[in-house]
>>> print(open('target24.cif').read())   # mmCIF, C-alpha atoms
data_model
loop_
_atom_site.label_atom_id
_atom_site.label_comp_id
_atom_site.auth_asym_id
_atom_site.auth_seq_id
_atom_site.Cartn_x
_atom_site.Cartn_y
_atom_site.Cartn_z
CA MET A 1 31.08 -78.59 -99.85
CA ARG A 2 31.95 -74.92 -100.22
CA SER A 3 29.94 -72.32 -98.32
CA PRO A 4 27.92 -69.85 -100.35
CA PRO A 5 29.56 -66.43 -100.79
CA VAL A 6 28.73 -63.73 -98.28
CA THR A 7 26.54 -61.12 -99.93
CA THR A 8 25.82 -57.55 -98.82
CA LEU A 9 22.12 -56.71 -98.74
CA PRO A 10 20.51 -53.26 -98.50
CA LEU A 11 19.89 -52.43 -94.85
CA PRO A 12 16.35 -51.95 -93.55
CA PRO A 13 15.71 -48.46 -92.10
CA SER A 14 16.04 -49.76 -88.53
CA LEU A 15 19.69 -50.74 -88.95
CA ILE A 16 22.90 -48.73 -89.37
CA ALA A 17 26.05 -50.13 -90.98
CA THR A 18 29.21 -50.48 -88.88
CA LEU A 19 32.79 -50.11 -89.99
CA PRO A 20 34.11 -53.00 -92.10
CA GLY A 21 36.14 -55.64 -90.30
CA HIS A 22 39.56 -54.51 -91.54
CA TYR A 23 39.28 -51.34 -89.44
CA TYR A 24 39.94 -53.57 -86.43
CA THR A 25 42.68 -55.81 -87.87
CA ASP A 26 44.78 -53.88 -90.37
CA PRO A 27 48.23 -52.91 -88.99
CA ALA A 28 48.61 -50.19 -91.62
CA LEU A 29 45.30 -48.62 -90.62
CA PHE A 30 46.35 -48.78 -86.96
CA ARG A 31 49.52 -46.86 -87.85
CA THR A 32 47.34 -44.24 -89.52
CA GLU A 33 45.27 -44.00 -86.33
CA GLN A 34 48.45 -43.51 -84.33
CA GLU A 35 49.52 -40.67 -86.61
CA ARG A 36 46.19 -38.92 -87.11
CA ILE A 37 44.41 -39.57 -83.82
CA PHE A 38 46.64 -40.53 -80.88
CA GLU A 39 49.50 -38.24 -81.95
CA ARG A 40 47.28 -35.26 -82.82
CA MET A 41 44.68 -35.24 -80.04
CA TRP A 42 44.87 -34.71 -76.30
CA PHE A 43 45.71 -38.01 -74.61
CA CYS A 44 45.09 -38.65 -70.90
CA ALA A 45 48.50 -39.89 -69.75
CA VAL A 46 48.88 -40.06 -65.95
CA ARG A 47 47.15 -39.12 -62.75
CA SER A 48 48.79 -35.93 -61.50
CA ALA A 49 48.99 -37.18 -57.92
CA ASP A 50 51.10 -40.15 -59.06
CA LEU A 51 53.89 -37.61 -59.50
CA ASP A 52 53.72 -36.40 -55.94
CA ARG A 53 57.09 -34.64 -55.51
CA PRO A 54 59.87 -33.04 -57.55
CA GLY A 55 61.85 -35.63 -59.44
CA SER A 56 58.95 -38.07 -59.80
CA PHE A 57 58.53 -39.34 -63.33
CA ARG A 58 56.30 -41.62 -65.39
CA THR A 59 56.70 -42.85 -68.95
CA VAL A 60 53.73 -43.66 -71.19
CA GLN A 61 53.27 -44.78 -74.77
CA VAL A 62 51.23 -42.39 -76.91
CA GLY A 63 50.92 -43.51 -80.50
CA ARG A 64 54.40 -44.30 -81.73
CA GLU A 65 56.10 -42.07 -79.16
CA ASN A 66 57.23 -42.74 -75.61
CA ILE A 67 56.50 -39.75 -73.39
CA LEU A 68 58.36 -38.79 -70.21
CA ILE A 69 56.36 -36.79 -67.65
CA THR A 70 58.16 -35.23 -64.69
CA ARG A 71 57.41 -33.05 -61.69
CA SER A 72 59.84 -30.11 -61.80
CA ARG A 73 61.49 -28.49 -58.79
CA THR A 74 58.88 -25.73 -58.91
CA GLY A 75 56.10 -28.33 -58.67
CA ARG A 76 55.03 -28.01 -62.29
CA LEU A 77 54.33 -31.07 -64.45
CA ARG A 78 56.36 -31.19 -67.66
CA ALA A 79 56.21 -33.62 -70.59
CA PHE A 80 58.95 -34.51 -73.09
CA LEU A 81 59.75 -37.04 -75.76
CA ASN A 82 61.68 -39.76 -73.92
CA VAL A 83 64.64 -39.42 -76.28
CA CYS A 84 68.17 -38.17 -75.59
CA ARG A 85 69.12 -35.37 -77.99
CA HIS A 86 72.61 -36.81 -78.52
CA ARG A 87 72.21 -40.20 -80.16
CA GLY A 88 68.57 -41.00 -79.51
CA ALA A 89 68.82 -43.40 -76.58
CA ARG A 90 65.71 -43.76 -74.44
CA LEU A 91 66.35 -41.56 -71.44
CA CYS A 92 64.20 -43.40 -68.87
CA THR A 93 63.59 -47.10 -69.39
CA GLU A 94 61.45 -47.61 -66.29
CA THR A 95 57.73 -46.89 -66.35
CA GLU A 96 57.99 -44.81 -63.17
CA GLY A 97 60.60 -43.66 -60.72
CA GLN A 98 62.22 -40.88 -58.75
CA VAL A 99 65.37 -38.86 -59.42
CA ARG A 100 67.00 -36.24 -57.23
CA ARG A 101 67.64 -33.33 -59.52
CA THR A 102 68.42 -34.46 -63.04
CA LEU A 103 67.63 -36.92 -65.81
CA GLN A 104 70.75 -38.58 -67.19
CA CYS A 105 71.03 -40.65 -70.34
CA PRO A 106 72.59 -44.03 -69.44
CA TYR A 107 74.39 -44.20 -72.80
CA HIS A 108 76.65 -41.12 -72.97
CA ALA A 109 75.63 -39.28 -69.78
CA TRP A 110 73.98 -36.29 -71.38
CA THR A 111 72.15 -34.78 -68.42
CA TYR A 112 68.99 -32.66 -68.30
CA ASP A 113 67.24 -30.79 -65.53
CA LEU A 114 63.61 -31.50 -64.69
CA ASP A 115 62.52 -28.70 -67.03
CA GLY A 116 64.27 -30.45 -69.93
CA LYS A 117 67.28 -28.13 -70.31
CA LEU A 118 70.65 -29.72 -71.16
CA ILE A 119 72.89 -28.98 -68.17
CA ALA A 120 75.83 -31.34 -68.53
CA ALA A 121 77.56 -33.77 -70.89
CA PRO A 122 81.10 -35.09 -71.28
CA ASN A 123 83.26 -32.31 -72.80
CA LEU A 124 80.29 -29.95 -73.06
CA THR A 125 82.35 -27.03 -71.73
CA LYS A 126 84.61 -27.41 -74.77
CA MET A 127 81.60 -26.84 -77.05
CA PRO A 128 80.45 -23.33 -76.14
CA ASP A 129 78.47 -23.04 -79.35
CA VAL A 130 75.97 -25.73 -78.19
CA ASP A 131 72.87 -23.96 -76.90
CA ARG A 132 71.66 -25.84 -73.84
CA THR A 133 68.03 -24.93 -74.36
CA THR A 134 68.01 -25.74 -78.07
CA TYR A 135 69.53 -29.16 -77.32
CA GLY A 136 67.30 -29.80 -74.37
CA LEU A 137 64.56 -32.42 -74.39
CA VAL A 138 61.77 -31.99 -76.91
CA THR A 139 58.77 -30.57 -75.07
CA VAL A 140 55.28 -32.04 -75.36
CA ALA A 141 52.17 -29.93 -74.65
CA LEU A 142 50.56 -30.72 -71.29
CA ARG A 143 47.32 -29.68 -69.59
CA GLU A 144 45.80 -30.82 -66.30
CA TRP A 145 42.09 -31.57 -65.89
CA LEU A 146 40.12 -33.81 -63.53
CA GLY A 147 43.35 -34.49 -61.65
CA TYR A 148 45.09 -36.00 -64.70
CA ALA A 149 47.87 -34.85 -67.00
CA TRP A 150 46.79 -34.76 -70.65
CA VAL A 151 49.47 -34.53 -73.33
CA CYS A 152 49.36 -33.70 -77.02
CA LEU A 153 52.11 -34.49 -79.52
CA ALA A 154 50.82 -32.14 -82.20
CA ASP A 155 52.93 -29.11 -83.10
CA ASP A 156 49.73 -27.08 -82.94
CA PRO A 157 47.45 -28.85 -80.40
CA PRO A 158 43.69 -28.59 -80.87
CA SER A 159 41.72 -26.52 -78.38
CA PHE A 160 41.65 -28.38 -75.07
CA GLU A 161 38.45 -26.57 -74.14
CA ASP A 162 36.69 -27.64 -77.32
CA THR A 163 37.91 -31.23 -77.69
CA VAL A 164 38.32 -32.42 -74.09
CA ILE A 165 36.25 -30.25 -71.77
CA GLY A 166 33.79 -29.93 -74.64
CA ALA A 167 33.14 -33.67 -74.46
CA ALA A 168 31.77 -33.21 -70.94
CA VAL A 169 29.58 -30.34 -72.08
CA GLU A 170 28.32 -32.36 -75.05
CA ARG A 171 27.42 -35.29 -72.81
CA LEU A 172 26.30 -33.61 -69.57
CA GLY A 173 25.04 -30.24 -70.81
CA ASP A 174 27.59 -28.02 -69.02
CA THR A 175 30.94 -28.14 -67.22
CA ALA A 176 29.35 -27.63 -63.81
CA ALA A 177 27.81 -31.10 -63.98
CA ILE A 178 31.26 -32.73 -63.85
CA ASP A 179 32.85 -30.04 -61.67
CA HIS A 180 30.44 -31.02 -58.86
CA TYR A 181 32.37 -34.27 -58.37
CA GLY A 182 35.65 -32.47 -57.61
CA THR A 183 37.60 -35.24 -59.34
CA GLU A 184 40.90 -33.38 -59.07
CA ARG A 185 40.55 -33.38 -55.26
CA LEU A 186 39.75 -37.09 -54.91
CA ALA A 187 42.14 -39.79 -53.70
CA LEU A 188 43.04 -43.02 -55.45
CA GLY A 189 41.35 -45.97 -53.79
CA LYS A 190 42.19 -48.68 -56.31
CA ARG A 191 43.90 -49.04 -59.68
CA LEU A 192 43.58 -52.11 -61.90
CA THR A 193 45.27 -52.65 -65.25
CA TYR A 194 43.71 -54.86 -67.92
CA ASP A 195 45.58 -56.18 -70.96
CA VAL A 196 42.79 -56.59 -73.50
CA ARG A 197 43.41 -58.58 -76.69
CA ALA A 198 41.09 -56.42 -78.77
CA ASN A 199 41.14 -53.32 -80.91
CA TRP A 200 40.64 -50.06 -79.01
CA LYS A 201 37.54 -49.17 -81.05
CA LEU A 202 35.73 -52.32 -79.93
CA ILE A 203 36.26 -51.17 -76.34
CA VAL A 204 34.97 -47.67 -77.08
CA GLU A 205 31.91 -49.05 -78.87
CA ASN A 206 31.19 -51.43 -76.02
CA PHE A 207 31.38 -48.66 -73.42
CA MET A 208 29.06 -46.39 -75.39
CA GLU A 209 26.10 -48.78 -75.58
CA CYS A 210 24.01 -50.86 -73.22
CA TYR A 211 22.28 -53.14 -75.70
CA HIS A 212 24.47 -55.87 -74.19
CA CYS A 213 23.85 -54.99 -70.53
CA ALA A 214 20.96 -57.38 -69.87
CA THR A 215 22.99 -60.21 -71.41
CA ILE A 216 26.36 -59.89 -69.66
CA HIS A 217 26.00 -57.43 -66.74
CA PRO A 218 23.68 -58.98 -64.13
CA GLU A 219 25.23 -57.06 -61.22
CA LEU A 220 25.09 -53.72 -63.04
CA THR A 221 21.47 -54.08 -64.13
CA GLU A 222 20.48 -54.93 -60.55
CA VAL A 223 21.86 -51.55 -59.48
CA LEU A 224 20.73 -49.67 -62.63
CA PRO A 225 17.54 -51.46 -63.79
CA GLU A 226 16.93 -49.19 -66.79
CA PHE A 227 20.13 -50.57 -68.36
CA ALA A 228 18.32 -53.88 -68.81
CA ASP A 229 16.18 -52.15 -71.45
CA GLY A 230 19.25 -51.53 -73.60
CA TYR A 231 19.46 -47.76 -73.28
CA ALA A 232 22.91 -46.56 -72.23
CA ALA A 233 23.51 -43.54 -70.04
CA GLN A 234 25.11 -41.84 -73.05
CA TYR A 235 21.96 -42.30 -75.15
CA TYR A 236 20.50 -39.01 -73.86
CA VAL A 237 22.31 -35.72 -73.31
CA GLY A 238 22.39 -34.96 -69.60
CA HIS A 239 20.78 -38.23 -68.59
CA GLY A 240 21.95 -40.21 -65.59
CA ALA A 241 20.72 -43.75 -64.99
CA GLU A 242 18.78 -43.94 -61.74
CA PHE A 243 19.59 -46.43 -58.99
CA GLY A 244 16.96 -49.11 -58.51
CA ASP A 245 14.48 -49.18 -55.64
CA GLY A 246 16.15 -50.57 -52.55
CA VAL A 247 19.65 -49.97 -53.95
CA LYS A 248 21.64 -48.04 -51.37
CA GLY A 249 24.92 -47.55 -53.21
CA PHE A 250 26.91 -48.20 -56.37
CA THR A 251 28.28 -51.47 -55.03
CA VAL A 252 28.38 -55.06 -56.24
CA ASP A 253 25.42 -56.03 -54.02
CA GLY A 254 23.63 -52.68 -53.91
CA SER A 255 24.66 -52.16 -50.30
CA GLU A 256 25.46 -48.76 -48.87
CA GLY A 257 28.51 -46.97 -50.19
CA PHE A 258 29.92 -43.75 -48.76
CA GLY A 259 28.54 -40.28 -48.19
CA LYS A 260 27.71 -38.19 -51.24
CA LEU A 261 30.65 -36.11 -52.44
CA PRO A 262 30.27 -32.59 -51.03
CA ASP A 263 29.31 -30.70 -54.17
CA VAL A 264 27.26 -33.37 -55.94
CA SER A 265 23.84 -31.84 -56.50
CA ASP A 266 20.59 -33.35 -55.30
CA ASP A 267 19.48 -34.15 -58.84
CA GLN A 268 22.75 -36.05 -59.39
CA ASP A 269 22.27 -38.15 -56.27
CA ARG A 270 21.41 -41.82 -56.81
CA ARG A 271 22.35 -41.56 -60.47
CA TYR A 272 25.14 -42.85 -62.70
CA TYR A 273 26.58 -40.73 -65.51
CA ALA A 274 29.08 -41.86 -68.15
CA LEU A 275 30.97 -39.93 -70.76
CA THR A 276 33.51 -40.73 -73.44
CA VAL A 277 36.33 -38.29 -74.09
CA LYS A 278 37.63 -39.30 -77.49
CA PRO A 279 39.79 -41.02 -78.30
CA THR A 280 40.65 -43.09 -75.22
CA VAL A 281 39.04 -41.97 -71.94
CA PHE A 282 35.87 -43.03 -70.12
CA VAL A 283 34.62 -41.21 -67.03
CA ASN A 284 31.99 -42.77 -64.74
CA LEU A 285 30.30 -40.56 -62.14
CA VAL A 286 28.33 -41.79 -59.13
CA PRO A 287 27.45 -39.87 -55.97
CA ASP A 288 30.29 -41.15 -53.76
CA HIS A 289 33.12 -41.91 -56.21
CA VAL A 290 34.43 -41.51 -59.75
CA ILE A 291 35.86 -44.21 -62.03
CA VAL A 292 38.26 -43.21 -64.81
CA HIS A 293 39.36 -45.54 -67.61
CA ARG A 294 42.42 -44.65 -69.70
CA MET A 295 43.15 -46.73 -72.79
CA PHE A 296 46.59 -47.24 -74.27
CA PRO A 297 46.25 -48.80 -77.75
CA LEU A 298 49.45 -50.78 -78.37
CA ALA A 299 48.55 -52.73 -81.52
CA GLU A 300 45.59 -53.29 -83.81
CA ASP A 301 44.55 -56.20 -81.55
CA ARG A 302 45.89 -55.15 -78.14
CA THR A 303 44.82 -52.38 -75.77
CA VAL A 304 45.95 -51.82 -72.19
CA VAL A 305 43.29 -50.21 -70.00
CA GLU A 306 44.16 -48.58 -66.69
CA CYS A 307 41.16 -48.07 -64.41
CA ASP A 308 41.16 -45.81 -61.34
CA TRP A 309 38.58 -45.73 -58.55
CA LEU A 310 38.62 -42.30 -56.84
CA TYR A 311 37.06 -41.42 -53.49
CA ALA A 312 36.87 -38.54 -51.05
CA PRO A 313 40.27 -38.20 -49.33
CA ASP A 314 38.81 -38.82 -45.87
CA VAL A 315 37.37 -42.14 -47.04
CA ILE A 316 40.80 -43.36 -48.11
CA ALA A 317 42.57 -41.83 -45.09
CA SER A 318 40.18 -43.66 -42.75
CA GLY A 319 41.11 -47.03 -44.23
CA ALA A 320 37.51 -47.67 -45.28
CA ASP A 321 36.81 -50.84 -47.24
CA VAL A 322 36.16 -49.82 -50.86
CA SER A 323 36.10 -53.38 -52.20
CA ARG A 324 32.33 -53.59 -52.78
CA SER A 325 32.27 -50.54 -55.04
CA VAL A 326 35.49 -51.61 -56.78
CA GLU A 327 34.13 -55.11 -57.32
CA LEU A 328 31.03 -53.86 -59.15
CA PHE A 329 32.89 -52.12 -61.95
CA HIS A 330 35.72 -54.63 -61.95
CA ARG A 331 33.12 -57.24 -62.88
CA VAL A 332 31.70 -54.91 -65.52
CA ASN A 333 35.21 -54.40 -66.92
CA ALA A 334 35.97 -58.12 -66.98
CA GLN A 335 32.63 -58.89 -68.65
CA ASP A 336 33.07 -56.13 -71.23
CA PHE A 337 36.66 -56.97 -72.08
CA ALA A 338 35.82 -60.66 -72.47
CA ALA A 339 33.09 -59.65 -74.94
CA CYS A 340 35.55 -57.49 -76.88
CA GLU A 341 38.08 -60.33 -77.00
CA ARG A 342 35.31 -62.64 -78.21
CA THR A 343 34.54 -60.18 -81.00
CA GLN A 344 38.10 -59.43 -82.16
CA PRO A 345 38.73 -62.74 -84.02
CA ALA A 346 35.57 -62.29 -86.09
CA MET A 347 36.79 -58.96 -87.41
CA SER A 348 38.99 -60.87 -89.87
CA SER A 349 36.18 -63.22 -90.92
CA ARG A 350 34.71 -62.87 -94.40
CA ALA A 351 31.34 -62.75 -92.63
CA TYR A 352 32.39 -59.32 -91.31
CA ARG A 353 34.19 -58.16 -94.44
CA SER A 354 31.55 -55.48 -94.99
CA GLY A 355 30.92 -54.99 -91.29
CA GLY A 356 27.90 -55.60 -89.11
CA VAL A 357 24.92 -53.53 -88.05
CA LEU A 358 23.80 -51.21 -85.27
CA VAL A 359 20.28 -51.13 -83.84
CA PRO A 360 18.59 -47.77 -83.12
CA THR A 361 19.73 -47.62 -79.47
CA GLU A 362 23.31 -47.79 -80.74
CA HIS A 363 22.99 -44.78 -83.04
CA HIS A 364 25.68 -42.87 -81.14
CA ILE A 365 28.22 -45.56 -82.18
CA GLY A 366 27.45 -44.57 -85.75
CA ILE A 367 28.33 -40.99 -84.78
CA PHE A 368 31.62 -42.29 -83.35
CA HIS A 369 32.34 -44.07 -86.63
CA SER A 370 31.68 -40.88 -88.58
CA TRP A 371 34.06 -39.01 -86.30
CA LEU A 372 36.73 -41.68 -86.80
CA LEU A 373 36.44 -41.55 -90.59
CA ALA A 374 36.75 -37.78 -90.51
CA GLN A 375 39.98 -38.04 -88.50
CA LEU A 376 41.46 -40.63 -90.84
CA GLY A 377 40.56 -38.87 -94.05
CA ALA A 378 39.66 -40.55 -97.30
CA ASP A 379 43.10 -42.09 -97.81
CA GLY A 380 43.14 -43.47 -94.26
CA ALA A 381 40.54 -46.12 -95.03
#
>>> encode(input="target24.cif", output="structure tokens")
Amino acid sequence: MRSPPVTTLPLPPSLIATLPGHYYTDPALFRTEQERIFERMWFCAVRSADLDRPGSFRTVQVGRENILITRSRTGRLRAFLNVCRHRGARLCTETEGQVRRTLQCPYHAWTYDLDGKLIAAPNLTKMPDVDRTTYGLVTVALREWLGYAWVCLADDPPSFEDTVIGAAVERLGDTAAIDHYGTERLALGKRLTYDVRANWKLIVENFMECYHCATIHPELTEVLPEFADGYAAQYYVGHGAEFGDGVKGFTVDGSEGFGKLPDVSDDQDRRYYALTVKPTVFVNLVPDHVIVHRMFPLAEDRTVVECDWLYAPDVIASGADVSRSVELFHRVNAQDFAACERTQPAMSSRAYRSGGVLVPTEHHIGIFHSWLLAQLGADGA
């Protein structure tokens, strides 16, 4: 017996329509996102401290491009397309490493300094007309903020202050609210990488709302009881979810964490703040540490998420056990990513052909969808 056709009914005023299912499954649409979002906006690539000395390098995938980020001999971070200017071979095939002074293509030995200038190649001295700067590596715009290197592939990058720092102002009310955490001065306590079989937008949407928190986050709602009511920290501008009575720290069992970071204000103490920096960064702020998620969308149904837990340098230097605070958000991550992977297959179902719905507490996801559609343009749908 055939099932009745799926019909689209007018929505009651309480509900908001989501994006249709093909926005999460269509390879062509994902390519459009790569071109118009990931390759045009500022993208949080690496933690600056991971490149701790001259010659350190990391490679990251941003949209359709592989980016090479180096620490120059003057200590400056530089970013380039990871492509040799001779015949297009990938210059560095490892995800990270260390060189002494130069970057050499393993194919024909064209060699570049850490600032990207062409300095040597077989028979180059016999070609005096080849300008070594012109045929150097293609530079990518780079800015540092919160202790991370952000890159932008656009020929004319958008304002970093408006689109990146502005996200913190939009969420928290001013830049001072995030500056108090001194994220750029913190030390890495733990890094976990998650390979999520889901579209990047499902992960963003999940992070932005807490309608699901009472269902799948028992540990988190014990620490932040108001999340059980379905209102996310991002629901209100400037709002931070308050720790529950008897909760001593942002840990898996509510036990004591570490001392408040030096510049965290009294009204930020015992509160959790979250912000989304579109397109692919989440920042979580609690009194004694900061958690940063960086997403790397690799396909319409695959997203790698790198999550850093950052603490005061003396906490890490002392060898303190950070496992209880790491475990809390690791469980949140695992629970969230499992939910996203559970949702991804249904995006291709005819039941979701016209999309789903948002309840009022998820209204800010509707704003995210409007932003996405504006980036894609009419022909991107």
>>> axis_aligned_box(input="target24.cif", around="region 315-325 of chain A", padding_each_side="3 Å", output="JSON")
{"center_x": 37.4, "center_y": -47.7, "center_z": -48.9, "size_x": 16.3, "size_y": 17.8, "size_z": 18.3}
>>> resolve_selection(input="target24.cif", expression="the PyMOL selection byres ((chain A and resi 361-367) around 7)", output="compact mmCIF listing (two decimals) with C-alpha atoms, keeping the file's coordinate frame")
# COMPACT_ATOMS: atom_id res chain seq x y z
CA THR A 18 29.21 -50.48 -88.88
CA GLU A 205 31.91 -49.05 -78.87
CA MET A 208 29.06 -46.39 -75.39
CA GLU A 209 26.10 -48.78 -75.58
CA TYR A 231 19.46 -47.76 -73.28
CA LEU A 358 23.80 -51.21 -85.27
CA VAL A 359 20.28 -51.13 -83.84
CA PRO A 360 18.59 -47.77 -83.12
CA PHE A 368 31.62 -42.29 -83.35
CA HIS A 369 32.34 -44.07 -86.63
CA SER A 370 31.68 -40.88 -88.58
CA TRP A 371 34.06 -39.01 -86.30
>>> resolve_selection(input="target24.cif", expression="the PyMOL selection byres ((chain A and resi 190-195) around 8)", output="list in words")
Leu188, Gly189, Val196, Arg197, Arg302, Thr303, Val304, Val305, Glu306, Cys307, Asp308, Trp309, Leu310 and Val326 of chain A
>>> resolve_selection(input="target24.cif", expression="the PyMOL selection byres ((chain A and resi 279) around 12)", output="PyMOL selection string")
chain A and resi 33-34+36-44+62-63+163-164+167+200-201+203-205+275-278+280-282+293-297+368-369+371-372+375
>>> closest_residue(input="target24.cif", among="A:Val286, A:Cys92, A:Ala228, A:Ile291", to="Ile216 (chain A)", atoms="all atoms listed in the file")
A:Ala228
>>> atom_distance(input="target24.cif", atom1="CA of Val252 (chain A)", atom2="CA of Gln344 (chain A)")
28.0 Å
>>> residues_around(input="target24.cif", residues="Val60 (chain A)", least_positions_apart="5", cutoff="12 Å", atoms="all atoms listed in the file", output="ChimeraX atom specification")
/A:43-47,65-70,79-82,92-96,149-151,294-298,304,306
>>> write_last_selection(input="target24.cif", atoms="C-alpha atoms", output="compact mmCIF listing (two decimals), keeping the file's coordinate frame")
# COMPACT_ATOMS: atom_id res chain seq x y z
CA PHE A 43 45.71 -38.01 -74.61
CA CYS A 44 45.09 -38.65 -70.90
CA ALA A 45 48.50 -39.89 -69.75
CA VAL A 46 48.88 -40.06 -65.95
CA ARG A 47 47.15 -39.12 -62.75
CA GLU A 65 56.10 -42.07 -79.16
CA ASN A 66 57.23 -42.74 -75.61
CA ILE A 67 56.50 -39.75 -73.39
CA LEU A 68 58.36 -38.79 -70.21
CA ILE A 69 56.36 -36.79 -67.65
CA THR A 70 58.16 -35.23 -64.69
CA ALA A 79 56.21 -33.62 -70.59
CA PHE A 80 58.95 -34.51 -73.09
CA LEU A 81 59.75 -37.04 -75.76
CA ASN A 82 61.68 -39.76 -73.92
CA CYS A 92 64.20 -43.40 -68.87
CA THR A 93 63.59 -47.10 -69.39
CA GLU A 94 61.45 -47.61 -66.29
CA THR A 95 57.73 -46.89 -66.35
CA GLU A 96 57.99 -44.81 -63.17
CA ALA A 149 47.87 -34.85 -67.00
CA TRP A 150 46.79 -34.76 -70.65
CA VAL A 151 49.47 -34.53 -73.33
CA ARG A 294 42.42 -44.65 -69.70
CA MET A 295 43.15 -46.73 -72.79
CA PHE A 296 46.59 -47.24 -74.27
CA PRO A 297 46.25 -48.80 -77.75
CA LEU A 298 49.45 -50.78 -78.37
CA VAL A 304 45.95 -51.82 -72.19
CA GLU A 306 44.16 -48.58 -66.69
>>> closest_residue(input="target24.cif", among="A:Arg171, A:Arg64, A:His86, A:His22", to="Thr134 (chain A)", atoms="all atoms listed in the file")
A:His86
>>> closest_residue(input="target24.cif", among="A:Phe329, A:Tyr311, A:Tyr135, A:Tyr273", to="Gly116 (chain A)", atoms="only C-alpha atoms")
A:Tyr135
>>> atom_distance(input="target24.cif", atom1="CA of His212 (chain A)", atom2="CA of Asp336 (chain A)")
9.1 Å
>>> closest_atom_pairs(input="target24.cif", of="region 91-191 of chain A", to="region 259-264 of chain A", cutoff="9 Å", atoms="all atoms listed in the file", output="JSON lines")
{"residue": "A:Ala177", "atom": "CA", "partner": "A:Val264", "partner_atom": "CA", "distance": 8.4}
{"residue": "A:Ile178", "atom": "CA", "partner": "A:Val264", "partner_atom": "CA", "distance": 8.9}
{"residue": "A:Asp179", "atom": "CA", "partner": "A:Asp263", "partner_atom": "CA", "distance": 8.3}
{"residue": "A:His180", "atom": "CA", "partner": "A:Asp263", "partner_atom": "CA", "distance": 4.8}
{"residue": "A:Tyr181", "atom": "CA", "partner": "A:Val264", "partner_atom": "CA", "distance": 5.7}
{"residue": "A:Gly182", "atom": "CA", "partner": "A:Asp263", "partner_atom": "CA", "distance": 7.4}
>>> write_last_selection(input="target24.cif", atoms="C-alpha atoms", output="PDB file, in the coordinates of the input")
ATOM      1  CA  ALA A 177      27.810 -31.100 -63.980  1.00  0.00           C
ATOM      2  CA  ILE A 178      31.260 -32.730 -63.850  1.00  0.00           C
ATOM      3  CA  ASP A 179      32.850 -30.040 -61.670  1.00  0.00           C
ATOM      4  CA  HIS A 180      30.440 -31.020 -58.860  1.00  0.00           C
ATOM      5  CA  TYR A 181      32.370 -34.270 -58.370  1.00  0.00           C
ATOM      6  CA  GLY A 182      35.650 -32.470 -57.610  1.00  0.00           C
TER       7      GLY A 182
END
>>> atom_distance(input="target24.cif", atom1="CA of Phe207 (chain A)", atom2="CA of Ser255 (chain A)")
24.3 Å
